[in-house]
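J.: Take this structure, written in structure tokens, and hold onto it; I'll ask about it next.
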Amino acid sequence: MGKQIKRAMTFLGRLRRNQAGNTLAMVAAAIIPLAGLIGGGVDMSRAYMVRARMQQACDAAALAGRRAMTTASMTDDNKAEAKKFFDFNFPQQTFGAANFTPVIQSKPGETTTVQVSAETTIPTTIMRIFGVQTLSLAVNCDSRFDIGNTDVMLVLDTTGSMADSISNGSGGSVVKLAALQQAVKDFYDTLGPGSDSSGRIRYGFMPYSSTVNVGYQLPTEDLIGGTSGDTWNYQTRRAIYETSSQPVICYRRYGLNNCYATSTDANAATTSSTLSPSSCTSYSNNNGNGNPLNSGSAPSTVVTTTYSYDSFNGSTSSPSGSNNRKCVRKESAVTKTYSRTNSGNSDTKFYSWEYGQYPVDLTGVIAGNSVANPSYNASSPNDVNSTAVASTMKWSGCIEERSTDSNISATTSTASIPSTAFDLQIDTAATDTETRWRPHLPQVEFKRNGRWMNDNIDNTKALKAESDTYRAGSGGWNACPSQARKLTSYANRTAIPTGQSSSYDSYVDGLVAVGGTYHTIGMMWGARFLSPTGIFADENASAPNGFNISRHIVFMTDGTMSAYNNVYGAWGYQSLDQRDGPSGASNSDLTAIHNRRMEMMCNAIKSRGITIWVIGFSNSNVMSTELQNCASSANHWSMNYSAAQLKTTFQNIAKNIGGLRLSN
């Protein structure tokens, strides 16, 4: 019995110590949890893969939806475009996913951001043995423009031709200015308002024609007239007055009606002419009666004229029937003494106008006050065409450029700007007469023949004193475009931002079409308003969030450069002032010179890291080589032949400036 028990204990001990077969038992015991782990891994891997595909579809939809947007929030068409991209990247029932509809919308509280979300389920495989039939999946994404800090100057051609019509792109027509106004609004809707904290956007405006309206945006010390007593020389007229303070002897010589100052004795002014004997009969004529008058608008003179024969063969007698003797005409003048002054004192009397380049006192002009017009006189208020000259004047804000180099030609190198061409220098400070800007004052401008340059005479009327029939004044030849606007942030298109008098929409709607096409002046002032190191450095050098600023000029024109001799614009009146070209330069010469000046300016702008976009807008014109070269690259210029094309171009530029990205 003892031996049997011992053998049994020995067997159990060996069995206890023997590990053969344990694995099978352990596997059998672990098969259920192991199946759960493996099944869960397989199903979760499928779920992650499906979710990744859904996320890709979500991202694609958000980007496509934001790119399609041209308004401040999503439209149904935008949503349809976004869903199309979602469905393409994730067709329904992919990997057995249950049918679902993605939610596509403008993000609440940030409507320019596209928000996409989607939820679905996929069936499990192994996990269903544990009662888990489906796995839930959800994705979401946002898309917005990653603008950083962006400053955009919209340099807009608002010349007279912008009042013409152009195709609207759908069989009708529209006024070009109206098409531009809408395209500029679409530009804002595409790029958006930005945020000072995450990415500031500012918009500035520079309408241009033959000058720009920037004067009221500049510091007064940068303008001639900012200091009391400042004067600038204009092509104008000045009054000549009479007083009794200094003697001037005035003769009325034979055949002439002008008065001449002289110190010669008044009693012996004679001229001779051959007259027939029948006309020479000791004839005398008293032009005036008695003493000279003490009043009147001109020196009053009593002139006694006598005719008599000269001597014949040394004899004073006249042979009968002789026709070969000379008849002498003699004038004796008794003249009131006068002096001629420009003092304009109340005790003086207007005499006549003198035309030339004369200084005009600008005190009070720069402040925007209504001041007396120095080219007006109540005794002779009209110009040579009988147009009434205004008695007062108020500065509109347009400027004459500062001093330049009139030797710049169509072949001058564009590699650099001459040191004396201050009009082409972006950042040079205004410190003296040469570098300060001057008010554009057509109210005092006159041609040498006495024509007022602000007369607004219609071009269908013949002029009295000259053969040319171009229109002056607001018709374009001394046009002053809409006032420019500095870089400003706009919360939306209808709100009035701090420091401005109107909203984005109101400003754009107020643009007018007037004047001739001088691209140079628009481009240079677009750069000046944008520069971080020039006139507005305090406002442009940095942004509140401290990030870098991307700077852009969007330059739109409907025409080619057109410079003229008979224009009073940013460089004065060329035919007389000759600041931007030599004497005798033709219109085509001046146009070539201004194209070269613009090339200099464009090169200087691009060298500062500013991007230039050039937009042509015309019924038929092809963009000039100079404008193409002005753009930052071949991808930065385009021609547009309809309003629809213009709208698309502005939107595409906004998209490129903004830089589309996912925000989560």
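Quick note on naming: the chains in the structure tokens go A, B, ... in the order shown, residues restart at 1 in each chain, and ligands are numbered from 1 in order of appearance.
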May I have a table of the residues of stretch 555-645 of chain A lying at most 10 Å from stretch 170-190 of chain A, giving each one's closest pair of atoms and their distance in Å to one decimal, counting only C-alpha atoms, ordered by chain and ascending residue number, as a tab-separated table?
T.:
residue	atom	partner	partner_atom	distance
A:Met556	CA	A:Leu180	CA	8.8
A:Thr557	CA	A:Leu180	CA	9.9
A:Asp558	CA	A:Lys176	CA	8.4
A:Phe617	CA	A:Lys176	CA	8.2
A:Ser618	CA	A:Lys176	CA	8.6
A:Asn619	CA	A:Lys176	CA	9.8
A:Ser642	CA	A:Ser173	CA	8.5
A:Ala643	CA	A:Ala179	CA	5.4
A:Ala644	CA	A:Ser170	CA	8.0
A:Gln645	CA	A:Ala183	CA	9.5
J.: Neighbouring residues of stretch 599-614 of chain A were defined as those with any atom within 9 Å, considering only C-alpha atoms; residues of the same chain fewer than 2 positions away were excluded. Please report them as a PyMOL selection string.
T.: chain A and resi 413-417+424-426+520+523-524+527+530-531+550-557+594-597+616+626-633+635-639+653
J.: List the spatial neighbours of A:Gly192 as a JSON list (two decimals) with N, CA and C atoms, in the first residue's frame - criterion: any atom at most 9 Å away, only C-alpha atoms, same-chain residues fewer than 4 positions off excluded.
T.:
[["chain", "number", "residue", "atom", "x", "y", "z"],
["A", 71, "THR", "N", -18.05, 86.29, -52.45],
["A", 71, "THR", "CA", -18.82, 87.18, -51.58],
["A", 71, "THR", "C", -18.37, 86.96, -50.14],
["A", 72, "ALA", "N", -18.97, 87.70, -49.23],
["A", 72, "ALA", "CA", -18.53, 87.64, -47.84],
["A", 72, "ALA", "C", -18.96, 86.37, -47.13],
["A", 112, "THR", "N", -16.24, 84.44, -43.81],
["A", 112, "THR", "CA", -15.35, 84.24, -44.95],
["A", 112, "THR", "C", -14.58, 82.92, -44.85],
["A", 145, "PHE", "N", -8.31, 82.22, -46.05],
["A", 145, "PHE", "CA", -7.12, 82.78, -46.66],
["A", 145, "PHE", "C", -6.11, 83.10, -45.57],
["A", 187, "PHE", "N", -13.13, 92.16, -55.34],
["A", 187, "PHE", "CA", -11.77, 91.97, -54.84],
["A", 187, "PHE", "C", -11.78, 91.93, -53.31],
["A", 188, "TYR", "N", -12.49, 92.87, -52.71],
["A", 188, "TYR", "CA", -12.60, 92.88, -51.24],
["A", 188, "TYR", "C", -13.27, 91.62, -50.73],
["A", 201, "ILE", "N", -5.37, 93.23, -43.09],
["A", 201, "ILE", "CA", -5.46, 93.64, -44.49],
["A", 201, "ILE", "C", -5.82, 95.12, -44.53],
["A", 490, "TYR", "N", -10.82, 97.72, -43.32],
["A", 490, "TYR", "CA", -12.28, 97.81, -43.42],
["A", 490, "TYR", "C", -12.89, 96.54, -42.84],
["A", 491, "ALA", "N", -13.72, 96.68, -41.82],
["A", 491, "ALA", "CA", -14.38, 95.52, -41.22],
["A", 491, "ALA", "C", -15.34, 94.88, -42.21],
["A", 492, "ASN", "N", -15.92, 95.68, -43.06],
["A", 492, "ASN", "CA", -16.76, 95.19, -44.16],
["A", 492, "ASN", "C", -16.88, 96.33, -45.17],
["A", 654, "ALA", "N", -6.84, 88.52, -55.89],
["A", 654, "ALA", "CA", -7.11, 88.48, -54.45],
["A", 654, "ALA", "C", -6.79, 87.10, -53.87],
["A", 658, "GLY", "N", -3.99, 86.39, -51.14],
["A", 658, "GLY", "CA", -4.40, 85.83, -49.86],
["A", 658, "GLY", "C", -3.67, 84.55, -49.51]]
J.: Pull the strand (DSSP E) assignments for stretch 409-611 of chain A out of DSSP run on the backbone, and list those residues as a VMD selection string.
T.: chain A and resid 438 to 439 485 to 488 549 to 557 568 to 569 572 to 573 611
J.: Excluding A:Cys480 and residues on its chain fewer than 3 positions from it, collect all residues at most 12 Å away from it, counting only C-alpha atoms, and give them as a PyMOL selection string.
T.: chain A and resi 158-160+207-215+395-400+439-442+454+472-477+483-484+511-516+567-570
J.: Output N, CA and C atoms for every residue in the selection just made, as a short mmCIF file (atom, residue, chain, number, x, y, z; two decimals), in the first residue's frame.
T.:
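Result file is out.cif:
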data_model
loop_
_atom_site.label_atom_id
_atom_site.label_comp_id
_atom_site.auth_asym_id
_atom_site.auth_seq_id
_atom_site.Cartn_x
_atom_site.Cartn_y
_atom_site.Cartn_z
N THR A 158 -8.82 106.38 -63.91
CA THR A 158 -10.18 106.95 -63.94
C THR A 158 -10.23 108.10 -64.94
N THR A 159 -9.58 107.89 -66.08
CA THR A 159 -9.55 108.91 -67.13
C THR A 159 -10.88 108.93 -67.88
N GLY A 160 -11.01 109.90 -68.78
CA GLY A 160 -12.28 110.12 -69.46
C GLY A 160 -12.81 108.91 -70.21
N PRO A 207 -6.77 106.87 -57.48
CA PRO A 207 -7.29 107.20 -58.82
C PRO A 207 -6.33 108.19 -59.48
N TYR A 208 -6.14 108.06 -60.78
CA TYR A 208 -5.21 108.98 -61.45
C TYR A 208 -5.71 109.35 -62.84
N SER A 209 -5.24 110.50 -63.32
CA SER A 209 -5.42 110.91 -64.71
C SER A 209 -4.13 111.62 -65.11
N SER A 210 -4.16 112.95 -65.31
CA SER A 210 -2.93 113.68 -65.60
C SER A 210 -2.28 114.21 -64.33
N THR A 211 -2.93 114.03 -63.20
CA THR A 211 -2.35 114.29 -61.89
C THR A 211 -3.09 113.40 -60.89
N VAL A 212 -2.81 113.58 -59.62
CA VAL A 212 -3.49 112.81 -58.57
C VAL A 212 -3.95 113.76 -57.48
N ASN A 213 -4.98 113.35 -56.78
CA ASN A 213 -5.56 114.17 -55.73
C ASN A 213 -5.08 113.65 -54.37
N VAL A 214 -3.88 114.05 -53.99
CA VAL A 214 -3.26 113.54 -52.76
C VAL A 214 -2.97 114.64 -51.75
N GLY A 215 -3.19 115.89 -52.12
CA GLY A 215 -2.71 117.02 -51.31
C GLY A 215 -3.22 117.04 -49.90
N TRP A 395 -8.66 125.24 -53.43
CA TRP A 395 -7.83 124.14 -53.89
C TRP A 395 -8.58 122.82 -53.81
N SER A 396 -8.53 122.04 -54.90
CA SER A 396 -9.22 120.76 -54.95
C SER A 396 -8.43 119.63 -54.30
N GLY A 397 -7.12 119.83 -54.12
CA GLY A 397 -6.29 118.79 -53.52
C GLY A 397 -5.31 118.15 -54.49
N CYS A 398 -5.47 118.40 -55.78
CA CYS A 398 -4.51 117.86 -56.75
C CYS A 398 -3.19 118.62 -56.68
N ILE A 399 -2.13 117.96 -57.14
CA ILE A 399 -0.79 118.54 -56.96
C ILE A 399 -0.04 118.68 -58.28
N GLU A 400 0.90 119.62 -58.26
CA GLU A 400 1.97 119.64 -59.25
C GLU A 400 3.16 118.91 -58.63
N PRO A 439 0.49 123.03 -55.07
CA PRO A 439 -0.93 122.87 -55.40
C PRO A 439 -1.19 123.07 -56.89
N HIS A 440 -2.02 122.23 -57.42
CA HIS A 440 -2.47 122.31 -58.81
C HIS A 440 -3.62 123.31 -58.85
N LEU A 441 -3.40 124.45 -59.53
CA LEU A 441 -4.38 125.54 -59.49
C LEU A 441 -4.76 125.99 -60.90
N PRO A 442 -5.65 125.27 -61.57
CA PRO A 442 -6.08 125.71 -62.90
C PRO A 442 -6.81 127.05 -62.86
N ASN A 454 -9.04 127.13 -67.13
CA ASN A 454 -10.11 126.49 -66.37
C ASN A 454 -11.46 126.88 -66.95
N ALA A 472 -11.09 122.19 -71.88
CA ALA A 472 -10.30 122.40 -70.67
C ALA A 472 -11.14 122.06 -69.45
N GLY A 473 -10.66 122.46 -68.29
CA GLY A 473 -11.42 122.28 -67.06
C GLY A 473 -11.77 120.84 -66.77
N SER A 474 -12.98 120.62 -66.26
CA SER A 474 -13.38 119.29 -65.84
C SER A 474 -13.54 118.34 -67.01
N GLY A 475 -13.45 118.84 -68.25
CA GLY A 475 -13.50 117.97 -69.40
C GLY A 475 -12.24 117.17 -69.59
N GLY A 476 -11.18 117.45 -68.88
CA GLY A 476 -10.04 116.57 -68.91
C GLY A 476 -8.68 117.20 -69.09
N TRP A 477 -8.56 118.42 -69.61
CA TRP A 477 -7.24 118.93 -69.93
C TRP A 477 -6.55 119.59 -68.74
N GLN A 483 -10.33 112.09 -54.90
CA GLN A 483 -9.30 112.14 -53.87
C GLN A 483 -8.79 110.73 -53.55
N ALA A 484 -7.47 110.61 -53.41
CA ALA A 484 -6.85 109.35 -53.03
C ALA A 484 -7.20 109.01 -51.59
N LEU A 511 -16.17 107.31 -57.45
CA LEU A 511 -15.13 107.57 -58.45
C LEU A 511 -15.75 108.14 -59.71
N VAL A 512 -15.04 109.09 -60.35
CA VAL A 512 -15.53 109.70 -61.58
C VAL A 512 -14.49 109.52 -62.68
N ALA A 513 -14.95 109.53 -63.92
CA ALA A 513 -14.07 109.36 -65.08
C ALA A 513 -13.79 110.72 -65.70
N VAL A 514 -12.54 111.16 -65.66
CA VAL A 514 -12.18 112.47 -66.20
C VAL A 514 -10.67 112.54 -66.44
N GLY A 515 -10.27 113.16 -67.54
CA GLY A 515 -8.85 113.45 -67.73
C GLY A 515 -8.14 112.53 -68.70
N GLY A 516 -6.82 112.79 -68.85
CA GLY A 516 -5.97 112.04 -69.75
C GLY A 516 -5.11 111.04 -69.00
N VAL A 567 -1.62 120.18 -71.90
CA VAL A 567 -2.26 119.68 -70.68
C VAL A 567 -1.64 120.39 -69.49
N TYR A 568 -2.49 120.85 -68.60
CA TYR A 568 -2.01 121.37 -67.33
C TYR A 568 -2.22 120.26 -66.31
N GLY A 569 -1.14 119.63 -65.91
CA GLY A 569 -1.23 118.49 -65.01
C GLY A 569 -0.16 118.52 -63.95
N ALA A 570 0.36 117.34 -63.62
CA ALA A 570 1.31 117.21 -62.51
C ALA A 570 2.64 117.89 -62.80
#
J.: List every residue of stretch 405-600 of chain A that DSSP, applied to the backbone, labels as helix (DSSP H, G or I), and write the result as an MDAnalysis selection string.
T.: chainID A and resid 422:424 442:444 473:475 504:509 519:530 537:540 574:577 587:600
J.: What does the file look like for those residues with C-alpha atoms, as a PDB file, in the first residue's frame?
T.:
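What ended up in result_19.pdb:
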ATOM      1  CA  PHE A 422      12.713 114.245 -57.268  1.00  0.00           C
ATOM      2  CA  ASP A 423       9.354 113.550 -58.922  1.00  0.00           C
ATOM      3  CA  LEU A 424      10.417 109.913 -59.470  1.00  0.00           C
ATOM      4  CA  PRO A 442      -6.076 125.714 -62.904  1.00  0.00           C
ATOM      5  CA  GLN A 443      -8.013 128.716 -61.572  1.00  0.00           C
ATOM      6  CA  VAL A 444      -4.936 130.917 -62.129  1.00  0.00           C
ATOM      7  CA  GLY A 473     -11.417 122.284 -67.055  1.00  0.00           C
ATOM      8  CA  SER A 474     -13.382 119.286 -65.837  1.00  0.00           C
ATOM      9  CA  GLY A 475     -13.498 117.969 -69.400  1.00  0.00           C
ATOM     10  CA  TYR A 504     -15.362 101.118 -48.892  1.00  0.00           C
ATOM     11  CA  ASP A 505     -18.468 100.909 -51.093  1.00  0.00           C
ATOM     12  CA  SER A 506     -19.266 104.618 -50.886  1.00  0.00           C
ATOM     13  CA  TYR A 507     -15.736 105.591 -51.831  1.00  0.00           C
ATOM     14  CA  VAL A 508     -15.644 103.231 -54.819  1.00  0.00           C
ATOM     15  CA  ASP A 509     -19.097 104.345 -55.996  1.00  0.00           C
ATOM     16  CA  HIS A 519       0.443 106.169 -65.897  1.00  0.00           C
ATOM     17  CA  THR A 520       3.588 107.627 -64.339  1.00  0.00           C
ATOM     18  CA  ILE A 521       1.787 109.770 -61.780  1.00  0.00           C
ATOM     19  CA  GLY A 522      -0.495 106.947 -60.647  1.00  0.00           C
ATOM     20  CA  MET A 523       2.306 104.424 -60.257  1.00  0.00           C
ATOM     21  CA  MET A 524       4.628 106.714 -58.308  1.00  0.00           C
ATOM     22  CA  TRP A 525       1.953 107.804 -55.843  1.00  0.00           C
ATOM     23  CA  GLY A 526       0.752 104.242 -55.371  1.00  0.00           C
ATOM     24  CA  ALA A 527       4.308 103.449 -54.290  1.00  0.00           C
ATOM     25  CA  ARG A 528       4.525 106.501 -52.016  1.00  0.00           C
ATOM     26  CA  PHE A 529       1.323 105.580 -50.200  1.00  0.00           C
ATOM     27  CA  LEU A 530       2.570 101.992 -49.798  1.00  0.00           C
ATOM     28  CA  ALA A 537       6.523 105.451 -42.569  1.00  0.00           C
ATOM     29  CA  ASP A 538       4.877 105.862 -39.156  1.00  0.00           C
ATOM     30  CA  GLU A 539       1.755 104.105 -40.467  1.00  0.00           C
ATOM     31  CA  ASN A 540       3.308 101.619 -42.903  1.00  0.00           C
ATOM     32  CA  GLN A 574       4.143 121.538 -70.698  1.00  0.00           C
ATOM     33  CA  SER A 575       4.149 123.901 -73.673  1.00  0.00           C
ATOM     34  CA  LEU A 576       5.240 126.731 -71.343  1.00  0.00           C
ATOM     35  CA  ASP A 577       6.779 125.077 -68.255  1.00  0.00           C
ATOM     36  CA  ASN A 587       3.025 114.681 -78.035  1.00  0.00           C
ATOM     37  CA  SER A 588       4.595 111.416 -79.198  1.00  0.00           C
ATOM     38  CA  ASP A 589       7.972 112.563 -77.824  1.00  0.00           C
ATOM     39  CA  LEU A 590       6.405 113.301 -74.439  1.00  0.00           C
ATOM     40  CA  THR A 591       4.600 109.952 -74.405  1.00  0.00           C
ATOM     41  CA  ALA A 592       7.873 108.107 -75.056  1.00  0.00           C
ATOM     42  CA  ILE A 593       9.576 110.093 -72.276  1.00  0.00           C
ATOM     43  CA  HIS A 594       6.802 109.271 -69.807  1.00  0.00           C
ATOM     44  CA  ASN A 595       6.954 105.587 -70.724  1.00  0.00           C
ATOM     45  CA  ARG A 596      10.648 105.656 -69.862  1.00  0.00           C
ATOM     46  CA  ARG A 597       9.926 107.488 -66.598  1.00  0.00           C
ATOM     47  CA  MET A 598       7.346 104.833 -65.730  1.00  0.00           C
ATOM     48  CA  GLU A 599       9.877 102.064 -66.391  1.00  0.00           C
ATOM     49  CA  MET A 600      12.304 103.736 -63.986  1.00  0.00           C
TER      50      MET A 600
END
J.: What's the separation between atom CA of A:Ala52 and atom CA of A:Gly65, in Å to one decimal place?
T.: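 The value is 19.8 Å.
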J.: Restricting the calculation to only C-alpha atoms, which member of A:Gln235, A:Thr649, A:Gln55, A:Asn78 is positioned closest to A:Leu137?
T.: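 Nearest to A:Leu137: A:Gln55.
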